[in-house]
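J.: Pasting in a structure now, in structure tokens, and then I'll have a few things to ask.
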Amino acid sequence: MMILILVFGVMGHAQSIDYNTKKGFAANGYDVVAYFDGKALEGKMDLTAVYDEVNYKFSSVDNLKKFKRNPESYLPQYGGYCAYAVAVNGKKVNINPETFEIRDGKLYLFYNQGKNNTLQFWLNESPNNLKDQADKNWEKIKN
């Protein structure tokens with residue numbers, strides 16, 4: 001009986017993930033729901049939610065409601081760090097919140113400054129292979 005309690009206790013406890021919360025918000029304060037409509041929109045201070053101890057901002061009441069109904073479907077992959085850097089270097093690198101991709105119903109964010117648009121590198125180099133490598137690397141660095 002004690003083992004069952006321990007097993008369920010461990011299973012029910014959310015694992016701590018290191019989220020990229022530059023400016024105090026996920027996605028640098030951009031609306032994570034809007035990305036799924038193909039838009040990078042800054043969120044508003046009066047439209048916020050907290051999920052897994054992380055603050056999120058939204059550009060509309062509708063998007064805030066969508067997030068609250070199913071937050072996990074809108075979370076950026078790899079804690080909101082640059083997907084390409086996680087894949088290639090196993091590193092947590094900040095992002096440009098206007099550089100993103102929705103792939104297989106998931107949000108990926110990327111670093112983009114000067115000639116280093118990592119979304120373009122990601123797309124040119126085989127995103128499916130990079131995603132698989134990023135998934136493996138993230139398991140090692142997510143805490």
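Starting from 1 in every chain, residues are counted up; chains themselves are A, B, ... following the order of the structure tokens, and ligands are numbered from 1 as listed.
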Enumerate, as a PyMOL selection string, the complete set of residues in range 36-94 of chain A that a backbone-based DSSP assignment places in alpha helix (DSSP H).

T.: chain A and resi 61-69+83-89

J.: Show which residues sit within 8 Å of range 134-141 of chain A, as number ranges by chain. Count only C-alpha atoms, and ignore same-chain residues fewer than 4 positions away.

T.: A: 78, 83-84, 86-88, 90-91, 130

J.: Using only C-alpha atoms, pick whichever of A:Ala27, A:Leu119, A:Ile17, A:Leu64 has the shortest atom-to-atom distance to Asn143 in chain A.

T.: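 Once distances to Asn143 in chain A are computed over only C-alpha atoms, the minimum belongs to A:Ile17.
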
J.: Which one of A:Gln133, A:Gln120, A:Asn70, A:Ser59 sits closest to Met45 in chain A if you count only C-alpha atoms?

T.: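 Answer, going by the shortest atom-to-atom distance: A:Ser59.
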
J.: Looking at A:Val93, A:Val50, A:Ala85, A:Leu41, which one is nearest to Asp18 in chain A, with distances taken over only C-alpha atoms?

T.: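 Using only C-alpha atoms, Asp18 in chain A sits closest to A:Val93.
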
J.: Skip Leu107 in chain A itself and residues of its chain fewer than 3 positions away, then list as a PDB file with N, CA, C and O atoms, in the first residue's frame all residues within 7 Å of it, counting only C-alpha atoms.

T.:
```pdb
ATOM      1  N   TYR A  74      -1.067  25.120 -25.803  1.00  0.00           N
ATOM      2  CA  TYR A  74      -0.484  26.366 -26.311  1.00  0.00           C
ATOM      3  C   TYR A  74       0.936  26.628 -25.808  1.00  0.00           C
ATOM      4  O   TYR A  74       1.556  27.601 -26.216  1.00  0.00           O
ATOM      5  N   LEU A  75       1.449  25.787 -24.950  1.00  0.00           N
ATOM      6  CA  LEU A  75       2.765  26.038 -24.369  1.00  0.00           C
ATOM      7  C   LEU A  75       3.859  25.929 -25.424  1.00  0.00           C
ATOM      8  O   LEU A  75       3.853  24.999 -26.229  1.00  0.00           O
ATOM      9  N   PRO A  76       4.801  26.867 -25.401  1.00  0.00           N
ATOM     10  CA  PRO A  76       5.938  26.750 -26.324  1.00  0.00           C
ATOM     11  C   PRO A  76       6.776  25.525 -25.969  1.00  0.00           C
ATOM     12  O   PRO A  76       6.939  25.185 -24.798  1.00  0.00           O
ATOM     13  N   GLN A  77       7.288  24.868 -26.977  1.00  0.00           N
ATOM     14  CA  GLN A  77       8.156  23.713 -26.769  1.00  0.00           C
ATOM     15  C   GLN A  77       9.480  24.172 -26.150  1.00  0.00           C
ATOM     16  O   GLN A  77       9.913  25.308 -26.333  1.00  0.00           O
ATOM     17  N   GLU A 101       7.342  28.935 -35.386  1.00  0.00           N
ATOM     18  CA  GLU A 101       6.730  27.979 -36.299  1.00  0.00           C
ATOM     19  C   GLU A 101       5.738  27.133 -35.508  1.00  0.00           C
ATOM     20  O   GLU A 101       6.005  26.763 -34.367  1.00  0.00           O
ATOM     21  N   ILE A 102       4.612  26.840 -36.144  1.00  0.00           N
ATOM     22  CA  ILE A 102       3.675  25.847 -35.625  1.00  0.00           C
ATOM     23  C   ILE A 102       3.903  24.593 -36.461  1.00  0.00           C
ATOM     24  O   ILE A 102       3.773  24.626 -37.676  1.00  0.00           O
ATOM     25  N   ARG A 103       4.301  23.503 -35.793  1.00  0.00           N
ATOM     26  CA  ARG A 103       4.575  22.239 -36.486  1.00  0.00           C
ATOM     27  C   ARG A 103       3.864  21.134 -35.718  1.00  0.00           C
ATOM     28  O   ARG A 103       4.073  20.982 -34.519  1.00  0.00           O
TER      29      ARG A 103
END
```

J.: I need the strand (DSSP E) residues of range 30-128 of chain A per DSSP on the backbone, written as a VMD selection string.

T.: chain A and resid 44 to 51 54 to 58 96 to 103 106 to 110 112 to 113 116 to 117

J.: Mind dumping the selected residues with N, CA and C atoms as a PDB file, in the first residue's frame?

T.:
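The resulting result.pdb:
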```pdb
ATOM      1  N   LYS A  44      -1.296  41.932 -23.542  1.00  0.00           N
ATOM      2  CA  LYS A  44      -1.621  43.137 -22.777  1.00  0.00           C
ATOM      3  C   LYS A  44      -1.519  42.834 -21.286  1.00  0.00           C
ATOM      4  N   MET A  45      -1.080  43.822 -20.525  1.00  0.00           N
ATOM      5  CA  MET A  45      -0.889  43.638 -19.090  1.00  0.00           C
ATOM      6  C   MET A  45      -2.189  43.305 -18.359  1.00  0.00           C
ATOM      7  N   ASP A  46      -3.317  43.728 -18.889  1.00  0.00           N
ATOM      8  CA  ASP A  46      -4.580  43.447 -18.198  1.00  0.00           C
ATOM      9  C   ASP A  46      -5.211  42.124 -18.642  1.00  0.00           C
ATOM     10  N   LEU A  47      -4.522  41.375 -19.499  1.00  0.00           N
ATOM     11  CA  LEU A  47      -5.002  40.059 -19.946  1.00  0.00           C
ATOM     12  C   LEU A  47      -3.906  39.027 -19.685  1.00  0.00           C
ATOM     13  N   THR A  48      -3.845  38.544 -18.457  1.00  0.00           N
ATOM     14  CA  THR A  48      -2.784  37.615 -18.076  1.00  0.00           C
ATOM     15  C   THR A  48      -3.353  36.366 -17.416  1.00  0.00           C
ATOM     16  N   ALA A  49      -2.545  35.327 -17.426  1.00  0.00           N
ATOM     17  CA  ALA A  49      -2.874  34.081 -16.737  1.00  0.00           C
ATOM     18  C   ALA A  49      -1.563  33.486 -16.232  1.00  0.00           C
ATOM     19  N   VAL A  50      -1.679  32.634 -15.231  1.00  0.00           N
ATOM     20  CA  VAL A  50      -0.522  31.914 -14.695  1.00  0.00           C
ATOM     21  C   VAL A  50      -0.787  30.428 -14.872  1.00  0.00           C
ATOM     22  N   TYR A  51       0.194  29.744 -15.433  1.00  0.00           N
ATOM     23  CA  TYR A  51       0.105  28.292 -15.571  1.00  0.00           C
ATOM     24  C   TYR A  51       1.464  27.704 -15.214  1.00  0.00           C
ATOM     25  N   VAL A  54       4.157  30.116 -14.290  1.00  0.00           N
ATOM     26  CA  VAL A  54       4.686  30.978 -15.351  1.00  0.00           C
ATOM     27  C   VAL A  54       3.592  31.943 -15.773  1.00  0.00           C
ATOM     28  N   ASN A  55       3.970  33.209 -15.976  1.00  0.00           N
ATOM     29  CA  ASN A  55       3.025  34.241 -16.403  1.00  0.00           C
ATOM     30  C   ASN A  55       2.921  34.286 -17.923  1.00  0.00           C
ATOM     31  N   TYR A  56       1.692  34.461 -18.395  1.00  0.00           N
ATOM     32  CA  TYR A  56       1.395  34.584 -19.827  1.00  0.00           C
ATOM     33  C   TYR A  56       0.553  35.823 -20.044  1.00  0.00           C
ATOM     34  N   LYS A  57       0.795  36.514 -21.163  1.00  0.00           N
ATOM     35  CA  LYS A  57      -0.028  37.665 -21.555  1.00  0.00           C
ATOM     36  C   LYS A  57      -0.753  37.321 -22.855  1.00  0.00           C
ATOM     37  N   PHE A  58      -1.914  37.970 -23.037  1.00  0.00           N
ATOM     38  CA  PHE A  58      -2.742  37.696 -24.215  1.00  0.00           C
ATOM     39  C   PHE A  58      -3.187  38.994 -24.861  1.00  0.00           C
ATOM     40  N   ASN A  96      13.578  35.468 -30.315  1.00  0.00           N
ATOM     41  CA  ASN A  96      12.898  36.642 -30.838  1.00  0.00           C
ATOM     42  C   ASN A  96      11.441  36.204 -30.938  1.00  0.00           C
ATOM     43  N   PRO A  97      10.534  36.798 -30.155  1.00  0.00           N
ATOM     44  CA  PRO A  97       9.164  36.294 -30.104  1.00  0.00           C
ATOM     45  C   PRO A  97       8.396  36.409 -31.416  1.00  0.00           C
ATOM     46  N   GLU A  98       8.963  37.095 -32.398  1.00  0.00           N
ATOM     47  CA  GLU A  98       8.285  37.213 -33.688  1.00  0.00           C
ATOM     48  C   GLU A  98       8.761  36.149 -34.674  1.00  0.00           C
ATOM     49  N   THR A  99       9.652  35.275 -34.233  1.00  0.00           N
ATOM     50  CA  THR A  99      10.194  34.217 -35.079  1.00  0.00           C
ATOM     51  C   THR A  99       9.729  32.881 -34.515  1.00  0.00           C
ATOM     52  N   PHE A 100       8.780  32.262 -35.203  1.00  0.00           N
ATOM     53  CA  PHE A 100       8.132  31.067 -34.666  1.00  0.00           C
ATOM     54  C   PHE A 100       7.658  30.150 -35.779  1.00  0.00           C
ATOM     55  N   GLU A 101       7.342  28.935 -35.386  1.00  0.00           N
ATOM     56  CA  GLU A 101       6.730  27.979 -36.299  1.00  0.00           C
ATOM     57  C   GLU A 101       5.738  27.133 -35.508  1.00  0.00           C
ATOM     58  N   ILE A 102       4.612  26.840 -36.144  1.00  0.00           N
ATOM     59  CA  ILE A 102       3.675  25.847 -35.625  1.00  0.00           C
ATOM     60  C   ILE A 102       3.903  24.593 -36.461  1.00  0.00           C
ATOM     61  N   ARG A 103       4.301  23.503 -35.793  1.00  0.00           N
ATOM     62  CA  ARG A 103       4.575  22.239 -36.486  1.00  0.00           C
ATOM     63  C   ARG A 103       3.864  21.134 -35.718  1.00  0.00           C
ATOM     64  N   LYS A 106       2.192  22.187 -32.508  1.00  0.00           N
ATOM     65  CA  LYS A 106       3.011  22.655 -31.383  1.00  0.00           C
ATOM     66  C   LYS A 106       3.742  23.932 -31.779  1.00  0.00           C
ATOM     67  N   LEU A 107       3.989  24.776 -30.766  1.00  0.00           N
ATOM     68  CA  LEU A 107       4.643  26.066 -30.963  1.00  0.00           C
ATOM     69  C   LEU A 107       6.143  25.954 -30.721  1.00  0.00           C
ATOM     70  N   TYR A 108       6.923  26.375 -31.709  1.00  0.00           N
ATOM     71  CA  TYR A 108       8.378  26.419 -31.604  1.00  0.00           C
ATOM     72  C   TYR A 108       8.816  27.868 -31.789  1.00  0.00           C
ATOM     73  N   LEU A 109       9.685  28.345 -30.908  1.00  0.00           N
ATOM     74  CA  LEU A 109      10.200  29.712 -30.959  1.00  0.00           C
ATOM     75  C   LEU A 109      11.684  29.668 -31.305  1.00  0.00           C
ATOM     76  N   PHE A 110      12.183  30.785 -31.885  1.00  0.00           N
ATOM     77  CA  PHE A 110      13.549  30.797 -32.412  1.00  0.00           C
ATOM     78  C   PHE A 110      14.257  32.113 -32.132  1.00  0.00           C
ATOM     79  N   ASN A 112      16.556  35.104 -33.478  1.00  0.00           N
ATOM     80  CA  ASN A 112      16.682  35.766 -34.772  1.00  0.00           C
ATOM     81  C   ASN A 112      17.286  37.146 -34.555  1.00  0.00           C
ATOM     82  N   GLN A 113      18.557  37.292 -34.914  1.00  0.00           N
ATOM     83  CA  GLN A 113      19.211  38.591 -34.829  1.00  0.00           C
ATOM     84  C   GLN A 113      20.312  38.637 -35.871  1.00  0.00           C
ATOM     85  N   ASN A 116      21.551  35.641 -38.107  1.00  0.00           N
ATOM     86  CA  ASN A 116      21.283  34.381 -37.408  1.00  0.00           C
ATOM     87  C   ASN A 116      19.793  34.173 -37.182  1.00  0.00           C
ATOM     88  N   ASN A 117      19.070  33.911 -38.265  1.00  0.00           N
ATOM     89  CA  ASN A 117      17.657  33.567 -38.151  1.00  0.00           C
ATOM     90  C   ASN A 117      17.587  32.052 -38.031  1.00  0.00           C
TER      91      ASN A 117
END
```

J.: Between A:Asp104, A:Glu72, A:Glu53, A:Glu125, which has the minimum distance to Tyr19 in chain A (counting only C-alpha atoms)?

T.: A:Glu53

J.: Report, in Å to a single decimal, how far apart CA of Ile95 in chain A and CA of Lys131 in chain A are.

T.: 16.5 Å

J.: Measuring atom to atom with only C-alpha atoms, identify which of A:Gly80, A:Gly24, A:Gly29, A:Gly43 is nearest to Tyr111 in chain A.

T.: A:Gly80

J.: Quick check, in Å to one decimal: how far apart do CA of Pro127 in chain A and CA of Gly79 in chain A lie?

T.: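 Spanning CA of Pro127 in chain A to CA of Gly79 in chain A is a straight-line distance of 18.0 Å.
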